[in-house]
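This report concerns only the one structure given below.
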Amino acid sequence: ADAVQDPILRRLCIEIYNDNAAELQETSGLRFLPMPVLPAWSIDECVREAERLSDLGFRGVNMTSDPDEAGSPDLAHPDWDALWEVCADRNLPVHFHIGASLTSLNFYGKYFWPSQEQNVKPAIGGGMLFINNARVVLNSIYAGIFDRFPRLQMVSVESGMGWVPFIMEVADYELSENAPAQYDALSKKPSEYFAENIYMTFQDDWTAFRQADDMNWRRLMWANDFPHSDSTWPHSQELLDQHLQQLRPEQQRAIVCENVAELYQIDLSNFTEGGR
C-alpha cells in the first residue's frame, strides 16, 4: 500500500490482478482456483471487493495477517466484522499464507542468530516460518471471530500441521489461566474451533500424518507447494504414497481430495475419467 500513493491506481492494481485470476479460473474449467487478494488498507474496500469477487465465482480470498501495516485496524478489531460477515455468508474461506506480511517476514530475519553461517540462516528462518501462522490462529480464536460468525472458514496455508496438537492444548490452558473471563465468554474451548473453522495445509509432514486422529482430519489438506524450493516435486507422488500408508482409507480420501472439494465447492464428477 505504501508503494503506490494514488488511491485510484492502488485500487486498480488489485482489481486487475483479481480479474486476471478470474479469467484463469474460468478458462481452466475450474482446474485452477486462484485466491484473489484484498485491499487491506481499507475495510470498506475489502468488503466491496469480497462481494465483487464472490460475484465473479471465486471460491475464497487471500488476506494479510497484519492489515495494520497498511493503516487499517488489526484483525481482532470488531470493525472487521463487516468482512467476516460477507465471507461467511458467501462461502469465501479466508486464507492466511505464512510470511504474508512485513511483520511475519521480519520475524523470519530474527529467528536465526546473526553469527550463523550464511546458508544456515534461511534454513532456520524457513523452518520457523512454518509455525508463524500459529499466531494468526490463536489471535483469531481468542478474538471471538468464530463465535460471531460460526460459518466462517479460515485456511492456514503452507504452515504444516505437526505443531497443531500442541497449540490446541496451549490455546485452552493459556486463555483459561491468564484470561478466565475471556475464556468463559467463548462458546467453546479454543481447541474446538480447530475442528469446525480452521483448515490446515501441509506438504512433507510425517508428524501431521501420524497425529491425524489427534486433529480433525476433515480439516487437513495435502499440497506439494510446486514450484517453491521446499516443494516435494518431483517426488510428490512417492512421498505421498509413503505418508498415506499411516492413514485409514477414509482419511486418505479426505486429506488428498474430499476436504478440498468440500471447502472449494468442487463437483468431483467433473474430474472423473468420464467427465473430462
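Residue names in the C-alpha cells use chain letters A, B, ... in the order shown, residue numbers from 1 in each chain, and ligand numbers from 1 in the order shown.
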
Worksheet item: Can you list, as number ranges by chain, every protein, DNA or RNA residue that comes within 12 Å of Ile98 (chain A) when you count only C-alpha atoms, leaving out same-chain residues fewer than 2 positions away?
Response: A: 62-66, 95-96, 100-105, 107-108, 125-137, 155-160, 200-202

Deliver the residues from the most recent selection as a file, using C-alpha atoms, as a PDB file, in the first residue's frame.
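Generated output (result_38.pdb):
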ATOM      1  CA  ASN A  62      -6.355 -14.251   0.442  1.00  0.00           C
ATOM      2  CA  MET A  63      -5.717 -11.845   3.333  1.00  0.00           C
ATOM      3  CA  THR A  64      -2.671 -10.407   5.067  1.00  0.00           C
ATOM      4  CA  SER A  65      -2.262 -11.270   8.728  1.00  0.00           C
ATOM      5  CA  ASP A  66      -1.293  -7.660   9.561  1.00  0.00           C
ATOM      6  CA  HIS A  95      -6.652 -17.700   3.543  1.00  0.00           C
ATOM      7  CA  PHE A  96      -3.569 -16.705   5.519  1.00  0.00           C
ATOM      8  CA  ALA A 100       2.124 -12.886   4.269  1.00  0.00           C
ATOM      9  CA  SER A 101       3.023  -9.588   5.924  1.00  0.00           C
ATOM     10  CA  LEU A 102       6.034  -7.445   6.717  1.00  0.00           C
ATOM     11  CA  THR A 103       5.596  -8.317  10.375  1.00  0.00           C
ATOM     12  CA  SER A 104       5.836 -12.051   9.771  1.00  0.00           C
ATOM     13  CA  LEU A 105       8.728 -11.674   7.324  1.00  0.00           C
ATOM     14  CA  PHE A 107      10.363 -12.446  12.261  1.00  0.00           C
ATOM     15  CA  TYR A 108      11.967 -14.586   9.557  1.00  0.00           C
ATOM     16  CA  GLY A 125      14.156 -18.898   9.066  1.00  0.00           C
ATOM     17  CA  GLY A 126      12.381 -21.189   6.614  1.00  0.00           C
ATOM     18  CA  GLY A 127      11.818 -23.883   9.208  1.00  0.00           C
ATOM     19  CA  MET A 128      10.467 -21.500  11.822  1.00  0.00           C
ATOM     20  CA  LEU A 129       8.269 -19.722   9.303  1.00  0.00           C
ATOM     21  CA  PHE A 130       6.039 -22.810   9.107  1.00  0.00           C
ATOM     22  CA  ILE A 131       4.694 -22.180  12.578  1.00  0.00           C
ATOM     23  CA  ASN A 132       4.281 -18.448  12.055  1.00  0.00           C
ATOM     24  CA  ASN A 133       0.574 -18.935  11.440  1.00  0.00           C
ATOM     25  CA  ALA A 134       0.052 -20.239  14.971  1.00  0.00           C
ATOM     26  CA  ARG A 135      -0.034 -16.552  15.854  1.00  0.00           C
ATOM     27  CA  VAL A 136      -2.837 -15.938  13.345  1.00  0.00           C
ATOM     28  CA  VAL A 137      -4.841 -18.932  14.524  1.00  0.00           C
ATOM     29  CA  VAL A 155      -7.231 -21.637   5.966  1.00  0.00           C
ATOM     30  CA  SER A 156      -3.667 -21.697   7.295  1.00  0.00           C
ATOM     31  CA  VAL A 157      -1.666 -22.038   4.089  1.00  0.00           C
ATOM     32  CA  GLU A 158       1.688 -23.847   3.752  1.00  0.00           C
ATOM     33  CA  SER A 159       2.084 -23.857   7.522  1.00  0.00           C
ATOM     34  CA  GLY A 160       2.367 -27.580   8.145  1.00  0.00           C
ATOM     35  CA  MET A 200      -4.599 -26.551   7.539  1.00  0.00           C
ATOM     36  CA  THR A 201      -2.434 -27.277   4.511  1.00  0.00           C
ATOM     37  CA  PHE A 202       0.864 -29.155   4.630  1.00  0.00           C
TER      38      PHE A 202
END

Discussion item. Neighbouring residues of Pro150 (chain A) were defined as those with any atom within 12 Å, considering only C-alpha atoms; residues of the same chain fewer than 4 positions away were excluded. Please report them as a list in words.
Written reply: Trp84, Glu85, Cys87, Ala88, Asp89, Asn91, Ile141, Gly144, Ile145, Phe146, Met154, Leu186, Ser187, Lys188, Glu192, Tyr193, Phe194, Ala195, Glu196, Asn197 and Ile198 of chain A

Worksheet entry | Pick from A:Tyr142, A:Trp41, A:Tyr264, A:Phe58, whichever lies nearest to Tyr183 (chain A) using only C-alpha atoms |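 Of all the options, A:Tyr142 lies closest to Tyr183 (chain A).
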
Close residues, region 167-182 of chain A itself excluded, 7 Å, only C-alpha atoms, min 5 positions apart in chain, as a PDB file with N, CA and C atoms, in the first residue's frame:
ATOM      1  N   LEU A 138      -4.312 -18.400  16.847  1.00  0.00           N
ATOM      2  CA  LEU A 138      -4.656 -18.082  18.232  1.00  0.00           C
ATOM      3  C   LEU A 138      -5.348 -16.729  18.343  1.00  0.00           C
ATOM      4  N   LYS A 189     -14.381 -24.357  23.901  1.00  0.00           N
ATOM      5  CA  LYS A 189     -12.957 -24.290  24.214  1.00  0.00           C
ATOM      6  C   LYS A 189     -12.197 -23.848  22.964  1.00  0.00           C
ATOM      7  N   PRO A 190     -11.127 -23.080  23.138  1.00  0.00           N
ATOM      8  CA  PRO A 190     -10.376 -22.627  21.965  1.00  0.00           C
ATOM      9  C   PRO A 190      -9.974 -23.763  21.024  1.00  0.00           C
ATOM     10  N   SER A 191      -9.572 -24.895  21.573  1.00  0.00           N
ATOM     11  CA  SER A 191      -9.133 -26.008  20.723  1.00  0.00           C
ATOM     12  C   SER A 191     -10.241 -26.534  19.832  1.00  0.00           C
TER      13      SER A 191
END

Practice prompt. Grab the CA of Arg90 (chain A) to CA of Glu45 (chain A) distance for me, in Å with one decimal place.
Written response: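 Straight-line distance from CA of Arg90 (chain A) to CA of Glu45 (chain A) works out to 16.5 Å.
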
Discussion item. At a cut-off of 12 Å, using only C-alpha atoms, what residues contact Asp19 (chain A)? Leave out same-chain residues fewer than 3 positions from it and give the result as a list in words.
Written reply: Leu12, Cys13, Ile14, Glu15, Ile16, Ala22, Glu23, Leu24, Gln25, Glu26, Pro34, Met35, Pro36, Val37, Glu49, Arg52, Leu53, Ser54, Asp55, Leu56, Gly57 and Phe58 of chain A

The selected residues should be written to file as a CSV table (one decimal), in the first residue's frame (atoms: N, CA, C and O atoms).
chain,number,residue,atom,x,y,z
A,12,LEU,N,-6.9,0.0,-8.7
A,12,LEU,CA,-6.9,-0.7,-10.0
A,12,LEU,C,-5.9,-1.8,-10.0
A,12,LEU,O,-6.2,-2.9,-10.7
A,13,CYS,N,-4.8,-1.7,-9.3
A,13,CYS,CA,-3.8,-2.8,-9.3
A,13,CYS,C,-4.4,-4.1,-8.7
A,13,CYS,O,-4.2,-5.2,-9.2
A,14,ILE,N,-5.2,-3.9,-7.6
A,14,ILE,CA,-5.9,-5.0,-7.0
A,14,ILE,C,-6.9,-5.6,-8.0
A,14,ILE,O,-6.9,-6.9,-8.2
A,15,GLU,N,-7.7,-4.8,-8.6
A,15,GLU,CA,-8.8,-5.3,-9.5
A,15,GLU,C,-8.2,-6.0,-10.7
A,15,GLU,O,-8.7,-7.0,-11.1
A,16,ILE,N,-7.2,-5.4,-11.3
A,16,ILE,CA,-6.6,-6.0,-12.5
A,16,ILE,C,-6.0,-7.4,-12.1
A,16,ILE,O,-6.2,-8.4,-12.9
A,22,ALA,N,-9.5,-14.3,-12.2
A,22,ALA,CA,-10.9,-14.8,-12.5
A,22,ALA,C,-10.9,-15.4,-13.9
A,22,ALA,O,-11.5,-16.5,-14.2
A,23,GLU,N,-10.1,-14.8,-14.8
A,23,GLU,CA,-10.0,-15.3,-16.2
A,23,GLU,C,-9.3,-16.6,-16.3
A,23,GLU,O,-9.7,-17.6,-17.0
A,24,LEU,N,-8.3,-16.8,-15.5
A,24,LEU,CA,-7.5,-18.0,-15.4
A,24,LEU,C,-8.4,-19.1,-14.9
A,24,LEU,O,-8.5,-20.3,-15.4
A,25,GLN,N,-9.2,-18.8,-13.8
A,25,GLN,CA,-10.1,-19.8,-13.3
A,25,GLN,C,-11.2,-20.3,-14.3
A,25,GLN,O,-11.4,-21.5,-14.4
A,26,GLU,N,-11.7,-19.3,-15.0
A,26,GLU,CA,-12.8,-19.7,-16.0
A,26,GLU,C,-12.2,-20.5,-17.2
A,26,GLU,O,-12.8,-21.5,-17.6
A,34,PRO,N,-7.6,-19.8,-8.3
A,34,PRO,CA,-6.7,-18.8,-7.6
A,34,PRO,C,-7.4,-18.2,-6.4
A,34,PRO,O,-8.6,-18.1,-6.4
A,35,MET,N,-6.6,-17.7,-5.5
A,35,MET,CA,-7.1,-17.0,-4.3
A,35,MET,C,-6.8,-15.5,-4.6
A,35,MET,O,-5.7,-15.1,-4.5
A,36,PRO,N,-7.8,-14.7,-4.8
A,36,PRO,CA,-7.6,-13.3,-5.0
A,36,PRO,C,-7.2,-12.5,-3.8
A,36,PRO,O,-7.4,-13.0,-2.7
A,37,VAL,N,-6.7,-11.3,-3.9
A,37,VAL,CA,-6.2,-10.6,-2.8
A,37,VAL,C,-7.1,-9.4,-2.5
A,37,VAL,O,-8.0,-9.0,-3.3
A,49,GLU,N,-14.8,-5.4,-2.4
A,49,GLU,CA,-14.0,-6.3,-3.3
A,49,GLU,C,-14.4,-7.8,-3.0
A,49,GLU,O,-14.5,-8.5,-4.0
A,52,ARG,N,-17.6,-8.4,-4.8
A,52,ARG,CA,-17.3,-8.4,-6.3
A,52,ARG,C,-16.7,-9.8,-6.6
A,52,ARG,O,-17.0,-10.4,-7.6
A,53,LEU,N,-15.7,-10.2,-5.8
A,53,LEU,CA,-15.0,-11.5,-6.1
A,53,LEU,C,-16.0,-12.7,-6.0
A,53,LEU,O,-15.9,-13.6,-6.8
A,54,SER,N,-16.9,-12.6,-5.0
A,54,SER,CA,-17.9,-13.7,-4.9
A,54,SER,C,-18.8,-13.7,-6.2
A,54,SER,O,-19.1,-14.8,-6.7
A,55,ASP,N,-19.2,-12.5,-6.7
A,55,ASP,CA,-20.0,-12.5,-7.9
A,55,ASP,C,-19.2,-13.0,-9.1
A,55,ASP,O,-19.8,-13.5,-10.1
A,56,LEU,N,-17.8,-12.9,-9.1
A,56,LEU,CA,-17.0,-13.4,-10.2
A,56,LEU,C,-16.8,-14.9,-10.1
A,56,LEU,O,-16.2,-15.5,-11.0
A,57,GLY,N,-17.3,-15.6,-9.0
A,57,GLY,CA,-17.2,-17.0,-8.9
A,57,GLY,C,-16.0,-17.5,-8.1
A,57,GLY,O,-15.7,-18.7,-8.2
A,58,PHE,N,-15.2,-16.7,-7.4
A,58,PHE,CA,-14.1,-17.1,-6.7
A,58,PHE,C,-14.6,-18.0,-5.5
A,58,PHE,O,-15.7,-17.9,-5.0

Practice prompt. Would you return as a ChimeraX atom specification the members of region 38-205 of chain A that DSSP assigns to helix (DSSP H, G or I) on this structure's backbone?
Written response: /A:43-55,67-70,78-89,102-111,120-142,145-148,164-178,180-185,190-197

Report the closest atom pair, with its distance in Å rounded to one decimal, for each residue of region 109-184 of chain A that has an atom no farther than 8 Å from region 68-79 of chain A; count only C-alpha atoms, sort by chain and then rising residue number, and write it as a Markdown table.
| residue | atom | partner | partner_atom | distance |
| --- | --- | --- | --- | --- |
| A:Asn139 | CA | A:Ala76 | CA | 7.1 |
| A:Ser140 | CA | A:Ala76 | CA | 6.8 |
| A:Ala143 | CA | A:Ala76 | CA | 5.4 |
| A:Ile145 | CA | A:Ala76 | CA | 7.8 |

Selection export as a PDB file, in the first residue's frame, atoms kept: N, CA, C and O atoms:
ATOM      1  N   ASN A 139      -4.849 -15.744  17.640  1.00  0.00           N
ATOM      2  CA  ASN A 139      -5.479 -14.428  17.690  1.00  0.00           C
ATOM      3  C   ASN A 139      -6.909 -14.468  17.173  1.00  0.00           C
ATOM      4  O   ASN A 139      -7.808 -13.849  17.753  1.00  0.00           O
ATOM      5  N   SER A 140      -7.144 -15.207  16.100  1.00  0.00           N
ATOM      6  CA  SER A 140      -8.489 -15.291  15.522  1.00  0.00           C
ATOM      7  C   SER A 140      -9.462 -15.954  16.492  1.00  0.00           C
ATOM      8  O   SER A 140     -10.596 -15.495  16.663  1.00  0.00           O
ATOM      9  N   ALA A 143     -10.099 -13.751  19.649  1.00  0.00           N
ATOM     10  CA  ALA A 143     -10.864 -12.541  19.340  1.00  0.00           C
ATOM     11  C   ALA A 143     -12.364 -12.814  19.253  1.00  0.00           C
ATOM     12  O   ALA A 143     -13.147 -11.875  19.109  1.00  0.00           O
ATOM     13  N   ILE A 145     -13.956 -14.291  16.852  1.00  0.00           N
ATOM     14  CA  ILE A 145     -14.456 -14.153  15.488  1.00  0.00           C
ATOM     15  C   ILE A 145     -15.387 -15.300  15.110  1.00  0.00           C
ATOM     16  O   ILE A 145     -16.447 -15.100  14.504  1.00  0.00           O
TER      17      ILE A 145
END

Worksheet item: Between A:Asp204, A:Asp214, A:Asp44, A:Glu258, which has the minimum distance to His235 (chain A) (counting only C-alpha atoms)?
Response: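 So, comparing all the options, the nearest one is A:Asp204.
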
Discussion item. Ranking A:Gln246, A:Asn18, A:Gln252, A:Gln265 by minimum distance to Arg218 (chain A) and counting only C-alpha atoms, which one comes first?
Written reply: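 Closest candidate: A:Gln252.
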